[in-house]
>>> print(open('work-v6.csv').read())   # CSV, C-alpha atoms
chain,number,residue,atom,x,y,z
A,82,MET,CA,15.7,10.7,6.4
A,83,LYS,CA,18.0,8.9,8.8
A,84,ASN,CA,17.3,5.2,9.5
A,85,ASP,CA,19.4,3.9,12.4
A,86,ALA,CA,17.1,1.3,13.9
A,87,PRO,CA,18.5,-2.3,14.0
A,88,ASP,CA,16.5,-3.2,10.9
A,89,ASN,CA,18.1,-0.4,8.9
A,90,ALA,CA,20.5,-2.7,7.1
A,91,THR,CA,17.7,-5.1,6.0
A,92,TRP,CA,15.7,-2.2,4.6
A,93,LEU,CA,18.7,-0.7,2.8
A,94,MET,CA,19.6,-4.0,1.3
A,95,SER,CA,16.3,-3.9,-0.4
A,96,PHE,CA,17.5,-1.1,-2.7
A,97,GLY,CA,20.3,-3.4,-4.0
A,98,ASN,CA,18.4,-5.0,-6.9
A,99,THR,CA,19.9,-8.5,-6.2
A,100,TYR,CA,16.8,-9.8,-4.4
A,101,LEU,CA,13.3,-9.8,-5.9
A,102,ARG,CA,10.0,-11.0,-4.4
A,103,PHE,CA,6.6,-11.3,-6.0
A,104,THR,CA,3.6,-12.2,-4.0
A,105,ILE,CA,1.2,-13.5,-6.6
A,106,PHE,CA,-2.6,-13.8,-6.4
A,107,VAL,CA,-2.9,-16.9,-8.6
A,108,THR,CA,-6.6,-16.8,-8.0
A,109,GLU,CA,-8.8,-14.5,-6.0
A,110,GLN,CA,-11.4,-17.1,-5.5
A,111,CYS,CA,-11.5,-19.2,-2.3
A,112,ASN,CA,-13.2,-22.4,-1.2
A,113,PHE,CA,-13.4,-21.0,2.4
A,114,ARG,CA,-15.4,-18.2,4.0
A,115,CYS,CA,-13.4,-17.4,7.1
A,116,THR,CA,-15.6,-15.1,9.2
A,117,TYR,CA,-13.0,-12.4,9.5
A,118,CYS,CA,-11.7,-12.4,5.9
A,119,TYR,CA,-11.2,-9.0,4.3
A,120,GLU,CA,-11.1,-10.1,0.6
A,121,ASP,CA,-14.1,-9.6,-1.7
A,122,PHE,CA,-13.5,-12.6,-4.1
A,123,LYS,CA,-14.4,-10.5,-7.1
A,124,LEU,CA,-11.6,-11.5,-9.4
A,125,GLY,CA,-11.0,-15.0,-10.7
A,126,LYS,CA,-7.8,-16.9,-11.7
A,127,ILE,CA,-4.8,-14.9,-12.7
A,128,GLU,CA,-5.0,-13.8,-16.3
A,129,THR,CA,-2.7,-15.5,-18.9
A,130,ASP,CA,-1.2,-12.1,-19.9
A,131,VAL,CA,-0.3,-11.4,-16.3
A,132,VAL,CA,1.6,-14.7,-16.0
A,133,GLU,CA,3.4,-13.9,-19.2
A,134,GLY,CA,4.2,-10.4,-18.0
A,135,LEU,CA,5.5,-11.8,-14.8
A,136,LYS,CA,7.8,-14.3,-16.6
A,137,ASN,CA,9.0,-11.5,-18.9
A,138,LEU,CA,9.8,-9.3,-16.0
A,139,ILE,CA,11.7,-12.1,-14.2
A,140,LEU,CA,13.6,-12.9,-17.4
A,141,ALA,CA,14.6,-9.2,-17.6
A,142,ARG,CA,15.8,-9.2,-14.0
A,143,ILE,CA,17.4,-12.7,-13.6
A,144,PRO,CA,20.9,-11.8,-14.8
A,145,GLU,CA,21.4,-9.5,-11.8
A,146,LEU,CA,19.6,-11.5,-9.1
A,147,LYS,CA,21.0,-13.5,-6.3
A,148,VAL,CA,17.6,-14.5,-4.8
A,149,LEU,CA,14.2,-14.8,-6.4
A,150,LYS,CA,11.2,-15.4,-4.1
A,151,LEU,CA,7.7,-16.3,-5.4
A,152,SER,CA,5.0,-16.2,-2.7
A,153,PHE,CA,1.8,-17.9,-3.9
A,154,PHE,CA,-1.2,-16.2,-2.4
A,155,GLY,CA,-4.9,-15.7,-3.0
A,156,GLY,CA,-7.8,-16.4,-2.6
A,157,GLU,CA,-6.8,-20.0,-2.1
A,158,PRO,CA,-3.8,-20.5,-4.4
A,159,LEU,CA,-4.4,-24.3,-4.6
A,160,MET,CA,-7.7,-23.5,-6.5
A,161,ASN,CA,-5.3,-22.7,-9.3
A,162,LYS,CA,-2.8,-25.4,-8.7
A,163,PRO,CA,-1.7,-25.8,-12.3
A,164,VAL,CA,-0.4,-22.2,-12.4
A,165,VAL,CA,1.3,-22.5,-9.1
A,166,LEU,CA,3.1,-25.7,-10.2
A,167,GLU,CA,3.9,-24.4,-13.7
A,168,LEU,CA,5.2,-21.0,-12.6
A,169,SER,CA,7.2,-22.4,-9.7
A,170,ARG,CA,8.8,-25.1,-11.9
A,171,TRP,CA,9.7,-22.5,-14.5
A,172,ALA,CA,11.2,-20.2,-11.9
A,173,GLN,CA,13.1,-23.0,-10.2
A,174,GLU,CA,14.7,-24.1,-13.5
A,175,LEU,CA,15.5,-20.5,-14.6
A,176,CYS,CA,17.2,-19.9,-11.2
A,177,GLN,CA,19.2,-23.1,-11.5
A,178,GLN,CA,20.4,-21.9,-15.0
A,179,HIS,CA,21.5,-18.6,-13.6
A,180,ASN,CA,22.9,-19.7,-10.3
A,181,VAL,CA,20.2,-17.8,-8.4
A,182,GLU,CA,18.7,-19.0,-5.1
A,183,TYR,CA,15.0,-19.7,-5.6
A,184,ILE,CA,12.5,-19.6,-2.7
A,185,GLY,CA,8.9,-20.7,-3.3
A,186,ASP,CA,6.4,-20.3,-0.6
A,187,ILE,CA,2.6,-20.6,-0.3
A,188,THR,CA,-0.1,-19.3,2.0
A,189,THR,CA,-2.8,-22.0,1.8
A,190,ASN,CA,-5.7,-23.0,3.9
A,191,GLY,CA,-4.4,-26.5,3.7
A,192,TYR,CA,-7.7,-28.1,2.6
A,193,ALA,CA,-6.4,-29.3,-0.8
A,194,LEU,CA,-2.9,-30.1,0.4
A,195,ASP,CA,-3.1,-33.8,0.1
A,196,SER,CA,0.1,-35.9,-0.1
A,197,ASP,CA,0.3,-35.9,-3.9
A,198,THR,CA,-0.2,-32.1,-4.1
A,199,PHE,CA,2.3,-31.6,-1.3
A,200,ALA,CA,5.0,-33.7,-3.0
A,201,ALA,CA,4.4,-32.0,-6.4
A,202,LEU,CA,4.7,-28.6,-4.8
A,203,CYS,CA,7.9,-29.5,-3.0
A,204,ASP,CA,9.3,-30.9,-6.3
A,205,ALA,CA,8.4,-27.6,-8.0
A,206,GLY,CA,10.4,-25.7,-5.4
A,207,VAL,CA,7.6,-24.6,-3.1
A,208,ARG,CA,9.1,-25.6,0.2
A,209,SER,CA,7.7,-23.0,2.6
A,210,TYR,CA,4.1,-23.3,3.8
A,211,GLN,CA,1.8,-21.3,6.0
A,212,ILE,CA,-1.4,-23.0,7.1
A,213,THR,CA,-4.0,-21.7,9.6
A,214,LEU,CA,-5.8,-23.4,12.4
A,215,ASP,CA,-7.9,-21.3,14.6
A,216,GLY,CA,-8.5,-23.5,17.6
A,217,GLU,CA,-9.8,-27.0,18.3
A,218,LYS,CA,-12.3,-28.5,15.9
A,219,GLU,CA,-15.5,-26.9,17.0
A,220,THR,CA,-14.1,-23.4,17.2
A,221,HIS,CA,-12.0,-23.7,14.1
A,222,ASP,CA,-14.9,-24.9,12.1
A,223,LYS,CA,-17.0,-21.9,13.2
A,224,LEU,CA,-14.3,-19.5,12.2
A,225,ARG,CA,-13.0,-21.2,9.0
A,226,PRO,CA,-15.9,-23.0,7.2
A,227,THR,CA,-15.9,-23.9,3.5
A,228,LEU,CA,-17.8,-21.6,1.1
A,229,ASN,CA,-20.8,-23.8,1.5
A,230,GLY,CA,-20.6,-23.9,5.3
A,231,LYS,CA,-18.9,-27.3,5.8
A,232,PRO,CA,-16.3,-28.0,8.5
A,233,THR,CA,-12.6,-28.0,7.5
A,234,PHE,CA,-10.6,-28.9,10.6
A,235,ASP,CA,-10.3,-32.6,10.2
A,236,LYS,CA,-9.2,-32.4,6.6
A,237,ILE,CA,-6.6,-29.8,7.3
A,238,LEU,CA,-5.2,-31.6,10.3
A,239,GLY,CA,-5.1,-34.8,8.3
A,240,ASN,CA,-3.1,-33.0,5.6
A,241,ILE,CA,-0.7,-31.5,8.1
A,242,THR,CA,-0.2,-34.9,9.7
A,243,GLY,CA,0.7,-36.2,6.3
A,244,MET,CA,3.4,-33.5,6.0
A,245,VAL,CA,4.7,-34.5,9.5
A,246,LYS,CA,5.1,-38.1,8.3
A,247,SER,CA,6.8,-37.2,5.1
A,248,LYS,CA,10.6,-37.2,4.8
A,249,LEU,CA,10.6,-34.1,2.5
A,250,GLN,CA,12.6,-31.0,3.3
A,251,PHE,CA,10.3,-28.0,3.8
A,252,SER,CA,9.2,-25.5,6.4
A,253,CYS,CA,5.7,-25.0,7.6
A,254,THR,CA,4.3,-22.2,9.8
A,255,ILE,CA,1.1,-23.1,11.6
A,256,ARG,CA,-0.7,-19.8,11.9
A,257,LEU,CA,-3.1,-19.3,14.8
A,258,ASN,CA,-5.4,-16.3,14.5
A,259,VAL,CA,-6.6,-15.3,17.9
A,260,ALA,CA,-9.3,-13.2,19.6
A,261,ASP,CA,-10.7,-13.4,23.1
A,262,TYR,CA,-13.3,-15.8,21.6
A,263,ASN,CA,-10.9,-18.5,20.6
A,264,PHE,CA,-7.8,-17.9,22.7
A,265,ASP,CA,-8.4,-20.8,25.1
A,266,SER,CA,-9.3,-23.1,22.2
A,267,VAL,CA,-6.0,-22.2,20.4
A,268,LYS,CA,-4.1,-22.9,23.6
A,269,SER,CA,-5.9,-26.2,24.0
A,270,LEU,CA,-5.2,-27.1,20.4
A,271,VAL,CA,-1.5,-26.6,20.9
A,272,ASP,CA,-1.6,-28.6,24.2
A,273,HIS,CA,-3.6,-31.6,23.0
A,274,GLN,CA,-3.2,-32.0,19.3
A,275,LEU,CA,-0.1,-30.2,18.0
A,276,ALA,CA,2.3,-31.9,20.3
A,277,LEU,CA,3.1,-34.1,17.4
A,278,PHE,CA,5.2,-31.3,16.0
A,279,THR,CA,7.5,-31.2,19.1
A,280,GLY,CA,11.1,-31.5,18.0
A,281,ASP,CA,10.4,-31.3,14.3
A,282,PRO,CA,12.4,-28.3,13.2
A,283,ARG,CA,10.3,-28.2,9.9
A,284,PHE,CA,7.3,-26.8,11.9
A,285,ALA,CA,6.8,-23.5,13.7
A,286,PHE,CA,3.9,-21.6,15.1
A,287,HIS,CA,2.8,-18.1,14.6
A,288,ILE,CA,0.1,-16.4,16.5
A,289,HIS,CA,-1.7,-13.3,15.1
A,290,PRO,CA,-4.5,-11.2,16.5
A,291,ILE,CA,-7.7,-10.9,14.4
A,292,PHE,CA,-8.2,-7.4,13.3
A,293,GLY,CA,-11.2,-5.4,12.1
A,294,MET,CA,-14.0,-7.5,13.8
A,295,GLU,CA,-15.8,-6.1,16.8
A,296,ASP,CA,-16.9,-9.6,18.0
A,297,LEU,CA,-13.4,-11.1,17.4
A,298,HIS,CA,-11.3,-8.7,19.3
A,299,LEU,CA,-8.2,-9.6,21.3
A,300,SER,CA,-8.3,-7.4,24.4
A,301,ARG,CA,-5.0,-8.4,25.8
A,302,HIS,CA,-2.3,-8.0,23.2
A,303,GLU,CA,0.3,-9.1,25.7
A,304,ALA,CA,-1.3,-12.5,25.5
A,305,VAL,CA,0.5,-12.9,22.1
A,306,GLU,CA,3.9,-12.6,23.8
A,307,GLU,CA,2.8,-14.9,26.6
A,308,PHE,CA,1.6,-17.5,24.1
A,309,LYS,CA,5.0,-17.2,22.3
A,310,GLN,CA,6.8,-18.0,25.5
A,311,TYR,CA,4.4,-20.8,26.2
A,312,VAL,CA,5.0,-22.4,22.8
A,313,SER,CA,8.8,-22.2,23.4
A,314,SER,CA,8.5,-23.7,26.9
A,315,MET,CA,6.8,-26.7,25.3
A,316,GLY,CA,9.9,-27.3,23.0
A,317,LEU,CA,7.9,-26.0,20.0
A,318,HIS,CA,9.3,-23.5,17.5
A,319,TYR,CA,7.9,-20.0,17.1
A,320,HIS,CA,8.1,-18.0,13.9
A,321,ASP,CA,7.7,-14.3,13.8
A,322,GLY,CA,7.3,-13.9,10.1
A,323,GLY,CA,10.4,-13.5,7.9
A,324,GLU,CA,12.9,-15.9,6.4
A,325,THR,CA,15.5,-14.5,8.9
A,326,SER,CA,15.2,-12.7,12.2
A,327,ALA,CA,16.2,-9.5,10.4
A,328,GLU,CA,13.4,-9.8,7.8
A,329,GLU,CA,10.9,-10.0,10.6
A,330,LEU,CA,11.6,-6.4,11.4
A,331,VAL,CA,10.9,-5.1,7.9
A,332,CYS,CA,7.6,-5.9,6.3
A,333,TYR,CA,7.7,-7.0,2.6
A,334,ALA,CA,5.5,-3.9,1.9
A,335,ALA,CA,8.3,-1.6,3.1
A,336,ARG,CA,11.0,-3.3,1.0
A,337,ALA,CA,12.1,-1.7,-2.3
A,338,ASP,CA,12.3,-5.1,-3.9
A,339,SER,CA,8.9,-6.6,-3.2
A,340,TYR,CA,5.8,-6.4,-5.3
A,341,VAL,CA,2.3,-7.9,-5.0
A,342,ILE,CA,0.7,-8.9,-8.3
A,343,ARG,CA,-3.1,-9.1,-8.4
A,344,ALA,CA,-4.9,-11.6,-10.7
A,345,ASP,CA,-5.8,-8.7,-13.1
A,346,GLY,CA,-2.2,-7.4,-13.3
A,347,ALA,CA,-2.6,-4.6,-10.8
A,348,VAL,CA,0.6,-4.0,-8.8
A,349,GLN,CA,0.3,-3.4,-5.1
A,350,LYS,CA,2.6,-3.4,-2.0
A,351,CYS,CA,0.4,-4.9,0.7
A,352,THR,CA,-1.8,-8.0,0.8
A,353,VAL,CA,-4.1,-6.5,3.4
A,354,ALA,CA,-5.2,-3.1,2.2
A,355,LEU,CA,-6.4,-4.6,-1.1
A,356,LYS,CA,-9.0,-1.9,-1.9
A,357,SER,CA,-7.1,1.1,-0.8
A,358,ASP,CA,-6.1,3.4,-3.7
A,359,ILE,CA,-2.7,4.1,-2.1
A,360,ASN,CA,-1.9,0.4,-2.3
A,361,THR,CA,-2.4,0.1,-6.1
A,362,ILE,CA,1.0,1.4,-7.1
A,363,GLY,CA,0.9,0.4,-10.8
A,364,ARG,CA,0.3,-2.2,-13.4
A,365,LEU,CA,2.3,-5.1,-14.9
A,366,HIS,CA,2.2,-5.3,-18.7
A,367,LYS,CA,2.4,-8.4,-20.9
A,368,ASP,CA,5.9,-7.4,-22.1
A,369,GLY,CA,7.2,-7.5,-18.5
A,370,THR,CA,7.3,-3.7,-18.0
A,371,LEU,CA,6.0,-2.1,-14.8
A,372,GLU,CA,4.1,1.1,-14.9
A,373,LEU,CA,4.7,2.5,-11.4
A,374,ASP,CA,3.3,5.5,-9.5
A,375,GLN,CA,6.5,6.7,-7.8
A,376,TRP,CA,4.8,8.7,-5.2
A,377,LYS,CA,2.5,5.9,-4.0
A,378,LEU,CA,5.3,3.3,-4.1
A,379,LYS,CA,7.6,5.5,-2.0
A,380,LYS,CA,4.9,6.1,0.5
A,381,TRP,CA,5.2,2.4,1.4
A,382,VAL,CA,8.9,2.1,1.1
A,383,PHE,CA,9.7,5.2,3.1
A,384,ALA,CA,6.9,4.7,5.7
A,385,GLU,CA,8.0,5.5,9.2
A,386,ASN,CA,6.8,2.1,10.6
A,387,LYS,CA,8.7,-0.5,8.5
A,388,MET,CA,7.4,-3.4,10.5
A,389,CYS,CA,3.9,-2.4,9.3
A,390,PRO,CA,3.6,0.5,6.8
A,391,VAL,CA,-0.2,0.2,7.0
A,392,LEU,CA,-0.1,1.7,10.4
A,393,SER,CA,1.9,4.7,9.2
A,394,LEU,CA,-0.4,5.2,6.2
A,395,GLN,CA,-3.4,4.9,8.4
A,396,GLN,CA,-2.0,7.6,10.6
A,397,GLU,CA,-1.7,9.8,7.5
A,398,LYS,CA,-5.3,9.0,6.7
A,399,LEU,CA,-4.2,7.5,3.4
A,400,LEU,CA,-6.0,4.2,4.1
A,401,VAL,CA,-8.2,2.4,6.6
A,402,ALA,CA,-6.9,-1.0,7.4
A,403,TYR,CA,-9.3,-4.0,7.7
A,404,ASP,CA,-12.4,-2.0,7.0
A,405,ASP,CA,-13.6,-4.9,4.8
A,406,ALA,CA,-13.1,-7.6,7.4
A,407,GLY,CA,-16.1,-9.9,7.5
A,408,LYS,CA,-18.0,-8.0,4.7
A,409,TYR,CA,-17.9,-10.7,2.1
A,410,THR,CA,-18.0,-13.9,4.1
A,411,GLU,CA,-21.6,-15.0,3.6
A,412,ILE,CA,-21.9,-18.8,3.3
A,413,GLN,CA,-23.3,-20.0,0.0
A,414,GLU,CA,-25.1,-23.3,0.8
A,415,SER,CA,-25.8,-23.9,-2.8
A,416,ALA,CA,-22.2,-23.8,-3.8
A,417,GLU,CA,-20.6,-27.0,-5.0
A,418,SER,CA,-18.9,-29.1,-2.4
A,419,VAL,CA,-15.2,-28.3,-2.1
B,251,MET,CA,36.0,9.9,-3.0
B,252,GLU,CA,33.9,9.9,0.1
B,253,GLU,CA,31.6,7.3,1.3
B,254,LEU,CA,28.0,7.9,1.9
B,255,SER,CA,28.4,6.6,5.4
B,256,ALA,CA,31.8,6.3,7.0
B,257,ASP,CA,30.9,5.4,10.5
B,258,ASN,CA,30.4,1.9,11.9
B,259,THR,CA,27.0,2.3,13.5
B,260,SER,CA,24.8,1.1,10.6
B,261,SER,CA,23.7,4.7,10.1
B,262,VAL,CA,23.1,5.4,6.4
B,263,THR,CA,21.0,8.2,5.0
B,264,VAL,CA,18.9,7.8,2.0
B,265,SER,CA,16.0,10.1,1.3
B,266,SER,CA,12.8,9.5,-0.6
B,267,ASN,CA,13.4,12.2,-3.2
B,268,GLU,CA,16.7,10.6,-4.2
B,269,VAL,CA,15.1,7.3,-5.0
B,270,SER,CA,13.1,6.3,-8.1
B,271,PHE,CA,12.0,2.9,-9.6
B,272,ASP,CA,12.4,2.0,-13.2
B,273,ALA,CA,10.1,-0.1,-15.5
B,274,LYS,CA,11.7,-3.3,-14.3
B,275,GLY,CA,11.0,-2.4,-10.6
B,276,ARG,CA,14.6,-1.6,-9.9
B,277,ALA,CA,15.6,1.0,-7.4
B,278,THR,CA,17.9,3.8,-8.6
B,279,ILE,CA,19.4,6.5,-6.5
B,280,ASN,CA,19.8,9.9,-8.1
B,281,ASN,CA,19.3,8.1,-11.5
B,282,SER,CA,22.1,5.7,-10.8
B,283,GLU,CA,22.0,2.1,-10.0
B,284,ALA,CA,22.1,1.4,-6.2
B,285,ASN,CA,24.8,-0.9,-5.1
B,286,VAL,CA,24.5,-2.1,-1.6
B,287,PHE,CA,27.6,-3.5,0.1
B,288,ILE,CA,27.5,-5.3,3.3
B,289,ARG,CA,30.5,-4.9,5.4
B,290,ASP,CA,31.7,-5.9,8.8
B,291,THR,CA,32.1,-3.4,11.5
B,292,LEU,CA,35.7,-2.4,11.8
B,293,ASN,CA,38.1,-5.3,11.7
B,294,ALA,CA,41.0,-5.9,14.0
B,295,SER,CA,43.3,-3.5,12.0
B,296,GLY,CA,40.6,-0.8,12.0
B,297,ALA,CA,39.9,-1.2,8.2
B,298,ILE,CA,36.5,-1.7,6.7
B,299,GLU,CA,36.0,-5.1,5.2
B,300,ILE,CA,33.6,-5.5,2.3
B,301,LEU,CA,31.7,-8.8,2.2
B,302,ALA,CA,29.6,-10.1,-0.6
B,303,PRO,CA,25.9,-9.3,-0.4
B,304,GLY,CA,24.0,-11.9,1.5
B,305,ARG,CA,22.3,-12.6,4.8
B,306,LEU,CA,22.7,-10.1,7.5
B,307,SER,CA,23.8,-10.5,11.0
B,308,ALA,CA,23.3,-8.2,14.0
B,309,SER,CA,26.8,-6.8,13.7
B,310,THR,CA,26.6,-6.2,10.0
B,311,ASN,CA,27.3,-2.7,8.8
B,312,ILE,CA,26.3,-1.5,5.4
B,313,ALA,CA,27.0,1.2,2.9
B,314,LEU,CA,24.7,2.3,0.1
B,315,CYS,CA,26.4,3.6,-3.0
B,316,GLY,CA,25.6,4.6,-6.5
B,317,ASN,CA,27.6,4.2,-9.7
B,318,GLY,CA,28.9,7.2,-11.6
B,319,ASN,CA,29.9,10.6,-10.5
B,320,ASN,CA,26.9,11.6,-8.6
B,321,GLY,CA,28.4,12.0,-5.2
B,322,TYR,CA,28.0,8.4,-4.1
B,323,CYS,CA,31.2,6.3,-4.4
B,324,PRO,CA,32.1,2.8,-3.5
B,325,PRO,CA,33.3,2.3,0.0
B,326,LYS,CA,37.0,1.9,0.6
B,327,VAL,CA,38.3,-1.7,0.4
B,328,ALA,CA,40.5,-2.8,3.2
>>> encode(input="work-v6.csv", output="structure tokens")
Amino acid sequence: MKNDAPDNATWLMSFGNTYLRFTIFVTEQCNFRCTYCYEDFKLGKIETDVVEGLKNLILARIPELKVLKLSFFGGEPLMNKPVVLELSRWAQELCQQHNVEYIGDITTNGYALDSDTFAALCDAGVRSYQITLDGEKETHDKLRPTLNGKPTFDKILGNITGMVKSKLQFSCTIRLNVADYNFDSVKSLVDHQLALFTGDPRFAFHIHPIFGMEDLHLSRHEAVEEFKQYVSSMGLHYHDGGETSAEELVCYAARADSYVIRADGAVQKCTVALKSDINTIGRLHKDGTLELDQWKLKKWVFAENKMCPVLSLQQEKLLVAYDDAGKYTEIQESAESV
Amino acid sequence: MEELSADNTSSVTVSSNEVSFDAKGRATINNSEANVFIRDTLNASGAIEILAPGRLSASTNIALCGNGNNGYCPPKVA
């Protein structure tokens, strides 16, 4: 197989065993019920044995690493804040001892990201954030309510405003999920409320079409490119995805050095096709060893489309992407306030 | 000793059946550890320069090599 696209070097580098990334489902529970979410919320907090297995694996690999990246994911990772903080502090200290660069990032809905939590996360080495807003208040609150149906916009924007005011060093991507339904509202949000980010290099925007929902379809995909140019014309930063422009061209799921760890210790490659058999490539044991299905793992790493291996695997009929979108998003009015 | 890739166009060949992953999640190529060297495109004197692994730039060229006598050898140092 010959790989001579511009992203070839990034992909090849992932075979070098000096970089290691884990995307960790620290809990699979969430305090939101976004209408287009594809997760089933069946698992709870990450098991103690899985955390121990992860630490043992990192300890076994640390002598040869130059970069360790822990990406805290869920569910809503801040619903298991103690584990996020403890694991990140531990990794940060270990990396300092071994002269390894540590990168901690978190994909959070931002609801529980108050100033104390934000400061504690930054102190623990979690300095890269992704927070989603799906339009102005009314639209966002319809698309991203709490588990018990309450609005979330004001609290999230308040927490982001707190981040803007802080003097801490971090990066934050504001993700905007779009469909025809909310496109104008997203544009209006950027126009009227997000201008406070102008000129702050710590913030960037990322726009992403909603997939898998018939009533939340984006009919003009070129609108994403137009939006990107619009954001840039306003002096705001746009972020395509990776840490570097090269990383944007190779999805973490196509890298040979990137693993997703589910709360029950299942090892996967992709954070979208969670229930697809091809995505469960193995298991992490308490002693830090990985039991891997070589064939499945290589289907991801050697996928033709390295920007999105899911598309290649879908073409091969090995999975159906986003077939669970919106299936588990029922509001539970009796749930405790969040 | 031949390099896996001797050109300067970022073209390196690695096939799925050569690669496996061990119990630590490390990639091996033909059962040998994969060393990846980033190198510049040809320097002024026409020699290949090997740089330390790190961030990539658009002009970066790369060689993928394994340890041991399995046909993959380290690239030549300028």
>>> closest_residue(input="work-v6.csv", among="A:Trp171, A:Tyr100, A:Phe292, A:Tyr403", to="chain B", atoms="only C-alpha atoms")
A:Tyr100
>>> residues_around(input="work-v6.csv", residues="A:Gly369", least_positions_apart="4", cutoff="8 Å", atoms="only C-alpha atoms", output="PyMOL selection string")
(chain A and resi 133-139+141+365) or (chain B and resi 274)
>>> closest_residue(input="work-v6.csv", among="A:Ala384, A:Cys389, A:Cys351, A:Leu277", to="chain B", atoms="only C-alpha atoms")
A:Ala384
>>> atom_distance(input="work-v6.csv", atom1="atom CA of A:Ser95", atom2="atom CA of A:Ala285")
25.9 Å
>>> atom_distance(input="work-v6.csv", atom1="atom CA of A:Tyr210", atom2="atom CA of A:Glu307")
24.3 Å
>>> atom_distance(input="work-v6.csv", atom1="atom CA of A:Ser252", atom2="atom CA of A:Ile187")
10.6 Å
>>> closest_residue(input="work-v6.csv", among="A:Asp345, A:Asp261, A:Glu182, A:Asp195", to="chain B", atoms="all atoms listed in the file")
A:Glu182
>>> closest_residue(input="work-v6.csv", among="A:Glu385, A:Glu217, A:Asp265, A:Glu303", to="chain B", atoms="all atoms listed in the file")
A:Glu385
>>> closest_residue(input="work-v6.csv", among="A:Gln211, A:Thr352, A:Asn386, A:Ser339", to="chain B", atoms="only C-alpha atoms")
A:Ser339
>>> residues_near_point(input="work-v6.csv", point="(-18.8, -7.7, 5.5)", cutoff="10 Å", atoms="all atoms listed in the file", output="short mmCIF file (atom, residue, chain, number, x, y, z; two decimals) with C-alpha atoms, in the frame of the given file")
data_model
loop_
_atom_site.label_atom_id
_atom_site.label_comp_id
_atom_site.auth_asym_id
_atom_site.auth_seq_id
_atom_site.Cartn_x
_atom_site.Cartn_y
_atom_site.Cartn_z
CA THR A 116 -15.60 -15.10 9.20
CA TYR A 117 -13.00 -12.40 9.50
CA CYS A 118 -11.70 -12.40 5.90
CA TYR A 119 -11.20 -9.00 4.30
CA GLU A 120 -11.10 -10.10 0.60
CA ASP A 121 -14.10 -9.60 -1.70
CA MET A 294 -14.00 -7.50 13.80
CA ASP A 404 -12.40 -2.00 7.00
CA ASP A 405 -13.60 -4.90 4.80
CA ALA A 406 -13.10 -7.60 7.40
CA GLY A 407 -16.10 -9.90 7.50
CA LYS A 408 -18.00 -8.00 4.70
CA TYR A 409 -17.90 -10.70 2.10
CA THR A 410 -18.00 -13.90 4.10
CA GLU A 411 -21.60 -15.00 3.60
#
>>> closest_residue(input="work-v6.csv", among="A:Val401, A:Leu371, A:Cys253, A:Ala416", to="B:Ala273", atoms="all atoms listed in the file")
A:Leu371
>>> residues_around(input="work-v6.csv", residues="stretch 148-163 of chain A", least_positions_apart="3", cutoff="8 Å", atoms="all atoms listed in the file", output="mmCIF file with C-alpha atoms, in the coordinates of the input")
data_model
loop_
_atom_site.group_PDB
_atom_site.id
_atom_site.type_symbol
_atom_site.label_atom_id
_atom_site.label_comp_id
_atom_site.auth_asym_id
_atom_site.auth_seq_id
_atom_site.Cartn_x
_atom_site.Cartn_y
_atom_site.Cartn_z
ATOM 1 C CA THR A 99 19.900 -8.500 -6.200
ATOM 2 C CA TYR A 100 16.800 -9.800 -4.400
ATOM 3 C CA LEU A 101 13.300 -9.800 -5.900
ATOM 4 C CA ARG A 102 10.000 -11.000 -4.400
ATOM 5 C CA PHE A 103 6.600 -11.300 -6.000
ATOM 6 C CA THR A 104 3.600 -12.200 -4.000
ATOM 7 C CA ILE A 105 1.200 -13.500 -6.600
ATOM 8 C CA PHE A 106 -2.600 -13.800 -6.400
ATOM 9 C CA VAL A 107 -2.900 -16.900 -8.600
ATOM 10 C CA THR A 108 -6.600 -16.800 -8.000
ATOM 11 C CA GLU A 109 -8.800 -14.500 -6.000
ATOM 12 C CA GLN A 110 -11.400 -17.100 -5.500
ATOM 13 C CA CYS A 111 -11.500 -19.200 -2.300
ATOM 14 C CA ASN A 112 -13.200 -22.400 -1.200
ATOM 15 C CA GLU A 120 -11.100 -10.100 0.600
ATOM 16 C CA PHE A 122 -13.500 -12.600 -4.100
ATOM 17 C CA LYS A 126 -7.800 -16.900 -11.700
ATOM 18 C CA LEU A 166 3.100 -25.700 -10.200
ATOM 19 C CA GLU A 167 3.900 -24.400 -13.700
ATOM 20 C CA SER A 169 7.200 -22.400 -9.700
ATOM 21 C CA CYS A 176 17.200 -19.900 -11.200
ATOM 22 C CA VAL A 181 20.200 -17.800 -8.400
ATOM 23 C CA GLU A 182 18.700 -19.000 -5.100
ATOM 24 C CA TYR A 183 15.000 -19.700 -5.600
ATOM 25 C CA ILE A 184 12.500 -19.600 -2.700
ATOM 26 C CA GLY A 185 8.900 -20.700 -3.300
ATOM 27 C CA ASP A 186 6.400 -20.300 -0.600
ATOM 28 C CA ILE A 187 2.600 -20.600 -0.300
ATOM 29 C CA THR A 188 -0.100 -19.300 2.000
ATOM 30 C CA THR A 189 -2.800 -22.000 1.800
ATOM 31 C CA ASN A 190 -5.700 -23.000 3.900
ATOM 32 C CA ALA A 193 -6.400 -29.300 -0.800
ATOM 33 C CA LEU A 194 -2.900 -30.100 0.400
#
>>> residues_around(input="work-v6.csv", residues="stretch 234-238 of chain A", least_positions_apart="6", cutoff="10 Å", atoms="only C-alpha atoms", output="PyMOL selection string")
chain A and resi 190-195+212-223+225-226+244+274-275
